[in-house]
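Student: Sharing data-v2.pdb (PDB, C-alpha atoms) below.
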ATOM      1  CA  MET P  49     -55.962-119.464 103.095
ATOM      2  CA  ASN P  50     -55.058-121.175 106.362
ATOM      3  CA  ASP P  51     -57.230-120.964 109.445
ATOM      4  CA  LEU P  52     -55.630-118.610 111.965
ATOM      5  CA  ASN P  53     -55.394-121.446 114.490
ATOM      6  CA  THR P  54     -53.803-123.872 112.038
ATOM      7  CA  LYS P  55     -50.085-123.959 111.362
ATOM      8  CA  PRO P  56     -49.096-124.026 107.674
ATOM      9  CA  LYS P  57     -48.200-127.554 106.584
ATOM     10  CA  ILE P  58     -44.662-127.881 105.223
ATOM     11  CA  LEU P  59     -43.061-130.865 103.503
ATOM     12  CA  ILE P  60     -39.269-131.204 103.577
ATOM     13  CA  THR P  61     -37.889-133.764 101.127
ATOM     14  CA  GLY P  62     -34.478-135.030 102.152
ATOM     15  CA  GLY P  63     -35.420-133.880 105.608
ATOM     16  CA  LEU P  64     -33.021-136.254 107.370
ATOM     17  CA  GLY P  65     -29.993-134.793 105.613
ATOM     18  CA  LEU P  66     -27.570-132.268 107.103
ATOM     19  CA  ILE P  67     -29.526-129.146 106.095
ATOM     20  CA  GLY P  68     -33.045-130.595 106.047
ATOM     21  CA  ASN P  69     -32.889-132.063 109.535
ATOM     22  CA  TYR P  70     -31.522-128.886 111.084
ATOM     23  CA  LEU P  71     -34.206-126.841 109.324
ATOM     24  CA  ALA P  72     -37.022-129.173 110.356
ATOM     25  CA  ASN P  73     -36.000-129.001 114.014
ATOM     26  CA  SER P  74     -35.693-125.205 113.795
ATOM     27  CA  ILE P  75     -39.140-124.456 112.347
ATOM     28  CA  ILE P  76     -41.302-127.086 114.070
ATOM     29  CA  GLY P  77     -42.729-124.497 116.477
ATOM     30  CA  LEU P  78     -43.959-122.349 113.595
ATOM     31  CA  PHE P  79     -45.107-124.961 111.085
ATOM     32  CA  ASP P  80     -46.672-128.397 110.910
ATOM     33  CA  VAL P  81     -43.605-130.177 109.488
ATOM     34  CA  THR P  82     -43.442-133.475 107.621
ATOM     35  CA  ILE P  83     -40.153-135.040 106.551
ATOM     36  CA  PHE P  84     -40.023-137.198 103.428
ATOM     37  CA  ASP P  85     -36.775-139.140 103.159
ATOM     38  CA  ILE P  86     -35.466-142.445 101.861
ATOM     39  CA  ALA P  87     -33.504-142.930 105.099
ATOM     40  CA  GLN P  88     -34.927-144.152 108.384
ATOM     41  CA  MET P  89     -35.899-141.691 111.118
ATOM     42  CA  ASN P  90     -33.202-140.985 113.692
ATOM     43  CA  ASN P  91     -33.119-139.755 117.273
ATOM     44  CA  GLN P  92     -31.829-136.330 116.196
ATOM     45  CA  THR P  93     -35.264-135.345 114.910
ATOM     46  CA  ASP P  94     -37.890-133.622 117.067
ATOM     47  CA  GLU P  95     -40.669-136.077 117.962
ATOM     48  CA  ARG P  96     -43.300-133.526 116.900
ATOM     49  CA  ILE P  97     -42.181-133.830 113.278
ATOM     50  CA  ASN P  98     -44.207-136.121 111.015
ATOM     51  CA  TYR P  99     -42.265-138.618 108.937
ATOM     52  CA  ILE P 100     -42.852-140.441 105.652
ATOM     53  CA  GLN P 101     -40.196-142.863 104.473
ATOM     54  CA  GLY P 102     -40.108-142.890 100.702
ATOM     55  CA  ASP P 103     -38.229-142.270  97.479
ATOM     56  CA  VAL P 104     -38.777-139.200  95.278
ATOM     57  CA  ASN P 105     -38.612-141.575  92.320
ATOM     58  CA  GLU P 106     -41.596-143.567  93.577
ATOM     59  CA  ILE P 107     -43.763-140.580  94.346
ATOM     60  CA  GLU P 108     -46.999-141.998  92.889
ATOM     61  CA  ASP P 109     -47.639-143.875  96.126
ATOM     62  CA  TYR P 110     -47.851-140.591  98.044
ATOM     63  CA  PHE P 111     -50.015-138.352  95.841
ATOM     64  CA  THR P 112     -52.887-138.256  98.321
ATOM     65  CA  SER P 113     -50.573-137.588 101.261
ATOM     66  CA  PHE P 114     -48.895-134.665  99.489
ATOM     67  CA  ASP P 115     -52.115-132.846  98.633
ATOM     68  CA  ARG P 116     -52.337-131.170 102.045
ATOM     69  CA  PHE P 117     -49.109-129.161 102.011
ATOM     70  CA  ASP P 118     -48.930-125.375 101.738
ATOM     71  CA  GLY P 119     -45.240-125.422 100.915
ATOM     72  CA  ILE P 120     -42.496-127.846  99.863
ATOM     73  CA  ILE P 121     -38.832-127.486 100.738
ATOM     74  CA  HIS P 122     -37.111-129.782  98.270
ATOM     75  CA  PHE P 123     -33.704-130.910  99.534
ATOM     76  CA  ALA P 124     -33.757-134.558  98.391
ATOM     77  CA  SER P 125     -30.639-134.981  96.296
ATOM     78  CA  VAL P 126     -27.365-136.702  95.658
ATOM     79  CA  SER P 127     -25.424-134.753  98.253
ATOM     80  CA  ARG P 128     -21.874-134.811  96.938
ATOM     81  CA  VAL P 129     -20.118-133.919  93.679
ATOM     82  CA  ILE P 130     -17.912-137.023  93.804
ATOM     83  CA  THR P 131     -20.991-139.259  94.122
ATOM     84  CA  ALA P 132     -22.529-137.597  91.076
ATOM     85  CA  GLU P 133     -19.410-138.218  89.008
ATOM     86  CA  ASN P 134     -19.248-141.870  90.045
ATOM     87  CA  GLU P 135     -22.984-142.585  89.786
ATOM     88  CA  PRO P 136     -24.428-140.596  86.850
ATOM     89  CA  LEU P 137     -27.679-142.601  86.575
ATOM     90  CA  LYS P 138     -28.442-142.187  90.278
ATOM     91  CA  THR P 139     -27.694-138.474  89.946
ATOM     92  CA  TRP P 140     -30.061-138.059  86.992
ATOM     93  CA  GLU P 141     -32.841-140.005  88.672
ATOM     94  CA  THR P 142     -32.568-138.349  92.076
ATOM     95  CA  ILE P 143     -31.927-134.724  91.141
ATOM     96  CA  ILE P 144     -33.751-134.281  87.822
ATOM     97  CA  GLN P 145     -36.381-137.003  87.761
ATOM     98  CA  GLY P 146     -36.996-136.624  91.495
ATOM     99  CA  THR P 147     -37.584-132.886  91.071
ATOM    100  CA  GLN P 148     -39.939-133.563  88.158
ATOM    101  CA  ASN P 149     -41.937-135.879  90.402
ATOM    102  CA  ILE P 150     -42.172-133.321  93.200
ATOM    103  CA  ILE P 151     -43.364-130.717  90.702
ATOM    104  CA  ARG P 152     -45.920-133.162  89.310
ATOM    105  CA  VAL P 153     -47.323-133.692  92.796
ATOM    106  CA  ALA P 154     -47.353-129.935  93.481
ATOM    107  CA  SER P 155     -49.047-129.181  90.146
ATOM    108  CA  GLN P 156     -51.853-131.630  90.852
ATOM    109  CA  SER P 157     -52.461-130.238  94.322
ATOM    110  CA  GLN P 158     -55.295-127.740  94.628
ATOM    111  CA  LYS P 159     -53.042-125.622  96.837
ATOM    112  CA  HIS P 160     -50.223-125.315  94.269
ATOM    113  CA  PRO P 161     -47.701-125.132  97.134
ATOM    114  CA  TRP P 162     -44.744-122.797  97.055
ATOM    115  CA  ILE P 163     -41.387-124.506  96.602
ATOM    116  CA  ILE P 164     -37.951-123.761  98.051
ATOM    117  CA  TYR P 165     -35.293-125.696  96.160
ATOM    118  CA  GLY P 166     -31.852-126.564  97.493
ATOM    119  CA  SER P 167     -29.451-126.109  94.582
ATOM    120  CA  SER P 168     -25.685-125.611  94.574
ATOM    121  CA  ARG P 169     -22.931-123.141  93.724
ATOM    122  CA  GLU P 170     -21.760-125.845  91.280
ATOM    123  CA  VAL P 171     -24.171-124.360  88.721
ATOM    124  CA  TYR P 172     -21.608-121.541  88.268
ATOM    125  CA  GLY P 173     -18.779-123.895  87.352
ATOM    126  CA  GLU P 174     -15.413-122.149  87.722
ATOM    127  CA  PRO P 175     -16.221-118.413  87.584
ATOM    128  CA  ILE P 176     -13.450-116.029  86.619
ATOM    129  CA  ILE P 177     -14.531-113.241  88.967
ATOM    130  CA  CYS P 178     -14.708-113.734  92.742
ATOM    131  CA  PRO P 179     -16.642-113.254  94.906
ATOM    132  CA  VAL P 180     -19.327-114.782  92.717
ATOM    133  CA  LYS P 181     -22.507-112.763  92.258
ATOM    134  CA  GLU P 182     -25.899-114.416  91.963
ATOM    135  CA  THR P 183     -26.137-113.065  88.408
ATOM    136  CA  ALA P 184     -22.871-114.706  87.288
ATOM    137  CA  PRO P 185     -23.075-116.947  84.195
ATOM    138  CA  LEU P 186     -24.373-120.464  84.862
ATOM    139  CA  LEU P 187     -21.721-122.720  83.328
ATOM    140  CA  PRO P 188     -21.528-125.996  85.272
ATOM    141  CA  ILE P 189     -18.524-128.212  84.542
ATOM    142  CA  ASN P 190     -19.633-131.474  86.182
ATOM    143  CA  ARG P 191     -22.644-133.796  86.349
ATOM    144  CA  TYR P 192     -23.737-132.502  89.721
ATOM    145  CA  GLY P 193     -23.865-128.861  88.651
ATOM    146  CA  THR P 194     -25.552-129.728  85.360
ATOM    147  CA  ALA P 195     -28.248-131.781  87.094
ATOM    148  CA  LYS P 196     -28.850-129.033  89.662
ATOM    149  CA  LEU P 197     -29.209-126.433  86.906
ATOM    150  CA  CYS P 198     -31.767-128.617  85.099
ATOM    151  CA  ALA P 199     -33.712-128.961  88.344
ATOM    152  CA  GLU P 200     -33.608-125.186  88.856
ATOM    153  CA  GLN P 201     -35.172-124.711  85.432
ATOM    154  CA  LEU P 202     -37.933-127.188  86.285
ATOM    155  CA  ILE P 203     -38.710-125.267  89.481
ATOM    156  CA  SER P 204     -38.747-121.940  87.612
ATOM    157  CA  ASN P 205     -41.136-123.340  84.991
ATOM    158  CA  TYR P 206     -43.480-124.657  87.694
ATOM    159  CA  SER P 207     -43.569-121.234  89.323
ATOM    160  CA  ARG P 208     -44.203-119.462  86.018
ATOM    161  CA  ILE P 209     -46.971-121.812  84.870
ATOM    162  CA  THR P 210     -48.874-122.095  88.184
ATOM    163  CA  ASN P 211     -48.069-118.625  89.603
ATOM    164  CA  ALA P 212     -46.855-120.381  92.753
ATOM    165  CA  HIS P 213     -43.942-118.763  94.547
ATOM    166  CA  SER P 214     -40.556-120.437  94.376
ATOM    167  CA  VAL P 215     -37.082-119.733  95.743
ATOM    168  CA  ILE P 216     -33.801-121.334  94.674
ATOM    169  CA  LEU P 217     -30.951-121.523  97.195
ATOM    170  CA  ARG P 218     -27.417-122.228  95.934
ATOM    171  CA  PHE P 219     -25.495-123.754  98.819
ATOM    172  CA  SER P 220     -21.709-123.747  99.023
ATOM    173  CA  ASN P 221     -19.524-125.817 101.366
ATOM    174  CA  VAL P 222     -22.179-126.415 104.012
ATOM    175  CA  TYR P 223     -21.087-127.558 107.464
ATOM    176  CA  GLY P 224     -22.263-127.790 111.037
ATOM    177  CA  SER P 225     -22.875-131.408 112.061
ATOM    178  CA  ILE P 226     -20.631-133.856 113.904
ATOM    179  CA  ASN P 227     -22.064-136.510 111.571
ATOM    180  CA  ASP P 228     -20.904-134.747 108.408
ATOM    181  CA  HIS P 229     -18.318-136.228 106.041
ATOM    182  CA  LEU P 230     -14.904-135.325 107.422
ATOM    183  CA  ASP P 231     -13.455-134.830 103.940
ATOM    184  CA  ARG P 232     -15.712-131.852 103.203
ATOM    185  CA  VAL P 233     -13.693-128.662 103.114
ATOM    186  CA  VAL P 234     -14.723-127.074 106.442
ATOM    187  CA  PRO P 235     -14.534-130.213 108.642
ATOM    188  CA  LYS P 236     -11.321-131.209 106.855
ATOM    189  CA  PHE P 237      -9.687-127.824 107.507
ATOM    190  CA  ILE P 238     -10.713-127.969 111.178
ATOM    191  CA  VAL P 239      -9.218-131.425 111.612
ATOM    192  CA  GLN P 240      -6.025-130.424 109.795
ATOM    193  CA  ALA P 241      -5.695-127.286 111.903
ATOM    194  CA  LEU P 242      -6.143-129.257 115.136
ATOM    195  CA  LEU P 243      -3.441-131.683 113.993
ATOM    196  CA  GLY P 244      -1.095-128.866 113.002
ATOM    197  CA  GLN P 245      -1.190-129.901 109.349
ATOM    198  CA  PRO P 246      -1.102-127.486 106.372
ATOM    199  CA  LEU P 247      -4.413-126.369 104.837
ATOM    200  CA  ILE P 248      -4.167-127.258 101.155
ATOM    201  CA  LEU P 249      -6.284-125.346  98.627
ATOM    202  CA  GLN P 250      -6.786-127.086  95.310
ATOM    203  CA  GLY P 251      -6.858-125.065  92.091
ATOM    204  CA  ILE P 252      -5.317-121.919  93.593
ATOM    205  CA  THR P 253      -2.497-120.351  91.567
TER     206      THR P 253
END
Show me this structure written as structure tokens.

Tutor:
Amino acid sequence: MNDLNTKPKILITGGLGLIGNYLANSIIGLFDVTIFDIAQMNNQTDERINYIQGDVNEIEDYFTSFDRFDGIIHFASVSRVITAENEPLKTWETIIQGTQNIIRVASQSQKHPWIIYGSSREVYGEPIICPVKETAPLLPINRYGTAKLCAEQLISNYSRITNAHSVILRFSNVYGSINDHLDRVVPKFIVQALLGQPLILQGIT
């Protein structure tokens, strides 16, 4: 139980990414936030946020540091489907092995922190019925979706074994930063619309 005058301590892995950085800046007034990311800190991050530069695949060096957290928001990942297809080993190591390492740290912590995991709609594959319900069959068709589904199962097992709370979020076509990849669907459509070009939907019959 936290002291009433102490903010809960939250770790955000991948906290310098599109979603993680926005979240960290949004909740800093409510929580004591620490970002853990392989990238270097940038000037878009609130100066009140703590920062640890590191790799989820070299987590042993940070066991002591991670013991203080009440909750972990695990966003560290290969961020794009095309990257996963082109770099399968990196995908396996970052998404599956990296999640295993985070769970190992959480399991050894006396606090057994809750975990929020950033998954993907790719775990559904190509569903027949749209809109897709959360309870739709999980039938990934690519490396990215398969790795995310494996990581989801690891998170669920951690929650079941330790009785720690966990939440899995399945993101789809995220957007909202001027630094995002312009070939993602939303930024791409905006650019095409501004240029008066047609908006092409792949796989639509």

Student: What lies within 7 Å of segment 196-213 of chain P using only C-alpha atoms, ignoring chain neighbours under 6 positions off, as a list in words?

Tutor: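 Skipping anything fewer than 6 positions along the chain leaves Ile143, Ile144, Thr147, Gln148, Ile151, His160, Pro161, Trp162, Ile163, Ser167, Ser168 and Val171 of chain P.
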
Student: Would you compute an axis-aligned box for segment 180-186 of chain P, covering every atom listed for it in the file with 8 Å of margin on each side, and report centre and edge lengths in Å to one decimal as lines of an AutoDock Vina configuration file?

Tutor:
center_x = -22.7
center_y = -116.6
center_z = 88.5
size_x = 22.8
size_y = 23.7
size_z = 24.5

Student: Would you write out, as a short mmCIF file (atom, residue, chain, number, x, y, z; two decimals) with C-alpha atoms, keeping the file's coordinate frame, every residue that the PyMOL selection byres ((chain P and resi 65-74) around 9) captures in this file?

Tutor:
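Here's the written file part27.cif:
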data_model
loop_
_atom_site.label_atom_id
_atom_site.label_comp_id
_atom_site.auth_asym_id
_atom_site.auth_seq_id
_atom_site.Cartn_x
_atom_site.Cartn_y
_atom_site.Cartn_z
CA ILE P 60 -39.27 -131.20 103.58
CA THR P 61 -37.89 -133.76 101.13
CA GLY P 62 -34.48 -135.03 102.15
CA GLY P 63 -35.42 -133.88 105.61
CA LEU P 64 -33.02 -136.25 107.37
CA ILE P 75 -39.14 -124.46 112.35
CA ILE P 76 -41.30 -127.09 114.07
CA GLY P 77 -42.73 -124.50 116.48
CA LEU P 78 -43.96 -122.35 113.60
CA VAL P 81 -43.60 -130.18 109.49
CA THR P 82 -43.44 -133.48 107.62
CA ILE P 83 -40.15 -135.04 106.55
CA ASP P 85 -36.78 -139.14 103.16
CA ALA P 87 -33.50 -142.93 105.10
CA GLN P 92 -31.83 -136.33 116.20
CA THR P 93 -35.26 -135.34 114.91
CA ASP P 94 -37.89 -133.62 117.07
CA ILE P 97 -42.18 -133.83 113.28
CA ILE P 121 -38.83 -127.49 100.74
CA HIS P 122 -37.11 -129.78 98.27
CA PHE P 123 -33.70 -130.91 99.53
CA ALA P 124 -33.76 -134.56 98.39
CA SER P 127 -25.42 -134.75 98.25
CA VAL P 222 -22.18 -126.42 104.01
CA TYR P 223 -21.09 -127.56 107.46
CA GLY P 224 -22.26 -127.79 111.04
CA SER P 225 -22.88 -131.41 112.06
CA ASN P 227 -22.06 -136.51 111.57
CA ASP P 228 -20.90 -134.75 108.41
#

Student: May I have the residues within 10 Å of Pro185 of chain P as a list in words, using all atoms listed in the file and disregarding those fewer than 3 positions away in the same chain?

Tutor: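 Here the qualifying residues turn out to be Val171, Tyr172, Gly173, Glu174, Pro175, Ile176, Val180, Lys181, Glu182 and Pro188 of chain P.
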
Student: Those residues you just picked out, can you put them in a file as a PDB file, in the frame of the given file with C-alpha atoms?

Tutor:
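Dumped everything to again_2.pdb:
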ATOM      1  CA  VAL P 171     -24.171-124.360  88.721  1.00  0.00           C
ATOM      2  CA  TYR P 172     -21.608-121.541  88.268  1.00  0.00           C
ATOM      3  CA  GLY P 173     -18.779-123.895  87.352  1.00  0.00           C
ATOM      4  CA  GLU P 174     -15.413-122.149  87.722  1.00  0.00           C
ATOM      5  CA  PRO P 175     -16.221-118.413  87.584  1.00  0.00           C
ATOM      6  CA  ILE P 176     -13.450-116.029  86.619  1.00  0.00           C
ATOM      7  CA  VAL P 180     -19.327-114.782  92.717  1.00  0.00           C
ATOM      8  CA  LYS P 181     -22.507-112.763  92.258  1.00  0.00           C
ATOM      9  CA  GLU P 182     -25.899-114.416  91.963  1.00  0.00           C
ATOM     10  CA  PRO P 188     -21.528-125.996  85.272  1.00  0.00           C
TER      11      PRO P 188
END

Student: On this structure, which residues satisfy the PyMOL selection byres ((chain P and resi 55) around 7), written as a short mmCIF file (atom, residue, chain, number, x, y, z; two decimals) with C-alpha atoms, keeping the file's coordinate frame?

Tutor:
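out11.cif written:
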data_model
loop_
_atom_site.label_atom_id
_atom_site.label_comp_id
_atom_site.auth_asym_id
_atom_site.auth_seq_id
_atom_site.Cartn_x
_atom_site.Cartn_y
_atom_site.Cartn_z
CA ASN P 53 -55.39 -121.45 114.49
CA THR P 54 -53.80 -123.87 112.04
CA PRO P 56 -49.10 -124.03 107.67
CA LYS P 57 -48.20 -127.55 106.58
CA LEU P 78 -43.96 -122.35 113.60
CA PHE P 79 -45.11 -124.96 111.08
CA ASP P 80 -46.67 -128.40 110.91
#

Student: Enumerate, as a list in words, the protein, DNA and RNA residues whose atoms approach (-45.2, -137.5, 96.2) to within 9 Å, taking into account only C-alpha atoms and the coordinate frame of the file.

Tutor: Phe84, Gly102, Asp103, Val104, Asn105, Glu106, Ile107, Glu108, Asp109, Tyr110, Phe111, Thr112, Ser113, Phe114, Asp115, Asn149, Ile150, Ile151, Arg152, Val153 and Ala154 of chain P

Student: Near Ile164 of chain P, counting all atoms listed in the file, which residues have an atom at most 6 Å away, once you skip same-chain residues fewer than 5 positions from it, shown as number ranges by chain?

Tutor: P: 121, 214-216

Student: Go ahead and write the residues just picked, C-alpha atoms, as a compact mmCIF listing (two decimals), in the frame of the given file.

Tutor:
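Final file, again09.txt:
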# COMPACT_ATOMS: atom_id res chain seq x y z
CA ILE P 121 -38.83 -127.49 100.74
CA SER P 214 -40.56 -120.44 94.38
CA VAL P 215 -37.08 -119.73 95.74
CA ILE P 216 -33.80 -121.33 94.67

Student: Smallest atom-to-atom distance to Arg169 of chain P: which of P:Leu187, P:Leu137, P:Met89, P:Leu243, using only C-alpha atoms?

Tutor: P:Leu187

Student: If you measure from atom CA of Tyr192 of chain P to atom CA of Val129 of chain P, what distance in Å do you get, rounded to one decimal?

Tutor: 5.5 Å

Student: Please, what distance in Å, to one decimal, runs between atom CA of Ile177 of chain P and atom CA of Ser220 of chain P?

Tutor: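 Those two atoms sit 16.2 Å apart.
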
Student: Let me make sure I understand: among P:Ile100, P:Leu247, P:Leu59, P:Val239, which one has the smallest atom-to-atom distance to Tyr165 of chain P if we use only C-alpha atoms?

Tutor: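 When distances to Tyr165 of chain P are compared using only C-alpha atoms, the smallest one comes from P:Leu59.
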
Student: Just the number, please: distance in Å from atom CA of Glu133 of chain P to atom CA of Gly146 of chain P, one decimal.

Tutor: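 Calculated distance between atom CA of Glu133 of chain P and atom CA of Gly146 of chain P is 17.8 Å.
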
Student: Let me make sure I understand: among P:Phe219, P:Leu186, P:Gln145, P:Arg128, which one has the smallest atom-to-atom distance to Asp231 of chain P if we use all atoms listed in the file?

Tutor: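 Of P:Phe219, P:Leu186, P:Gln145, P:Arg128, the one nearest Asp231 of chain P, counting all atoms listed in the file, is P:Arg128.
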